[in-house]
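Right, one structure below, let's go through it.
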Amino acid sequence: MLNSEQTEVATSALLTSLGDPQPLLADETGSRWPSAALTALLLRKVLADGETYLTRAVTGAVLATPDAAGHEIRKGIRNAAYLAGVPVLDIIDESVGVFLHYRARGAGRSGVALVCDFGASGFRCAVFQGSDQALASVTRPEAAVDRQTVVLVVWV
């Protein structure tokens with residue numbers, strides 16, 4: 001069993017190597033596992049747990065990526081979802097997901113929303129007004145925090 005620090009390192013390695021066809025690790029049988037295959041195992045487990053909780057089949061999923069994720073990471077996540085049998089409806093930025101979550105709960109249906117995320121990949125802020133398209137965003141990878149993600153949502 002991994003401790004929390006080892007889990008963070010493993011998760012970071014998975015995310016940063018998504019889209020890379022090179023194996024991330026080899027198991028005791030000598031099988032080599034690229035990050036998309038490892039991520040697919042995790043997604044399959046999450047899908048099974050979700051279907052058990054819901055007591056019905058999941059017909060689609062929206063997956064969130066860090067705001068700074070590039071094309072290769074998004075492609076790797078889509079590939080992992082395909083391998084896991086997870087039907088992908090969309091892949092969105094985390095800040096968009098946070099914004100839509102709070103808007104669906106009735107907060108900030110009008111006005112401007114500032115969504116700031118302090119996480120392992122850095123400091124990110126996005127400004128939204130009325131739609132799920134960010135009007136502006138800024139990312140500062142040098143302002144990364146080690147162990148936790150804090151999201152701040154401000155409605156103006």
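Ligands are numbered from 1 in the order shown, residues from 1 within each chain, and chains are lettered A, B, ... in the order they appear in the structure tokens.
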
Quiz prompt | Residue list (helix (DSSP H, G or I), DSSP) for region 28-120 of chain A, as a PyMOL selection string | solution = chain A and resi 35-54+71-84+94-104

Which residues are close to Ile77 (chain A), i.e. within 8 Å by only C-alpha atoms, leaving aside same-chain residues fewer than 4 positions away? Reply as a PDB file with C-alpha atoms, in the first residue's frame.
ATOM      1  CA  LEU A  18      -0.279  10.453 -20.514  1.00  0.00           C
ATOM      2  CA  GLY A  19       0.007  10.311 -24.278  1.00  0.00           C
ATOM      3  CA  ALA A  36      -2.798   5.123 -20.589  1.00  0.00           C
ATOM      4  CA  THR A  39      -5.045   5.095 -16.074  1.00  0.00           C
ATOM      5  CA  ILE A  73      -2.487  14.600 -22.140  1.00  0.00           C
ATOM      6  CA  ALA A  81     -11.167   6.017 -21.168  1.00  0.00           C
TER       7      ALA A  81
END

Practice task
Can you pull out every residue within 10 Å of Ala61 (chain A), counting only C-alpha atoms, but drop anything in the same chain fewer than 6 positions away, and send it as a list of chain:residue names?
Solution key: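 After dropping sequence-adjacent residues, the list is A:Leu47, A:Ala81, A:Val86, A:Pro87, A:Val88, A:Leu89, A:Asp90, A:Ile91.
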
Inset, instruction - Counting only C-alpha atoms, figure out which residue out of A:Leu38, A:Val62, A:Ala57, A:Leu135 gets nearest to Gly97 (chain A). - result: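 Distance minimum relative to Gly97 (chain A) lands on A:Val62.
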
inquiry  = Just the number, please: distance in Å from CA of Cys125 (chain A) to CA of Ser35 (chain A), one decimal.
reply    =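 Separation between CA of Cys125 (chain A) and CA of Ser35 (chain A): 27.9 Å.
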
Which of region 32-117 of chain A fall in strand (DSSP E or B), as a JSON list (two decimals) with C-alpha atoms, in the first residue's frame:
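The new file out.json reads:
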[["chain", "number", "residue", "atom", "x", "y", "z"],
["A", 32, "ARG", "CA", 5.23, -3.29, -19.54],
["A", 33, "TRP", "CA", 2.49, -0.77, -18.79],
["A", 34, "PRO", "CA", 2.19, 2.65, -20.47],
["A", 61, "ALA", "CA", -18.74, 10.63, -18.46],
["A", 62, "VAL", "CA", -17.27, 14.11, -18.52],
["A", 63, "LEU", "CA", -13.59, 13.98, -17.62],
["A", 64, "ALA", "CA", -11.71, 17.00, -16.23],
["A", 65, "THR", "CA", -8.05, 17.76, -16.87],
["A", 88, "VAL", "CA", -16.59, 10.02, -22.91],
["A", 89, "LEU", "CA", -19.08, 12.82, -23.48],
["A", 90, "ASP", "CA", -16.48, 15.56, -23.14],
["A", 91, "ILE", "CA", -13.09, 16.45, -21.70],
["A", 92, "ILE", "CA", -13.06, 19.83, -19.95],
["A", 93, "ASP", "CA", -10.66, 21.96, -17.92],
["A", 112, "VAL", "CA", -18.63, 37.39, -13.41],
["A", 113, "ALA", "CA", -16.99, 34.38, -11.77],
["A", 114, "LEU", "CA", -13.32, 34.14, -10.91],
["A", 115, "VAL", "CA", -12.14, 30.53, -10.43],
["A", 116, "CYS", "CA", -8.68, 30.14, -8.89],
["A", 117, "ASP", "CA", -7.02, 26.76, -8.42]]

Next on the checklist: For a quick check of understanding, using only C-alpha atoms, which of A:Leu24, A:Gln129, A:Ser95, A:Ala84 has the smallest distance to Ala48 (chain A)?
Outcome noted: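 Of A:Leu24, A:Gln129, A:Ser95, A:Ala84, the one nearest Ala48 (chain A) is A:Ala84, counting only C-alpha atoms.
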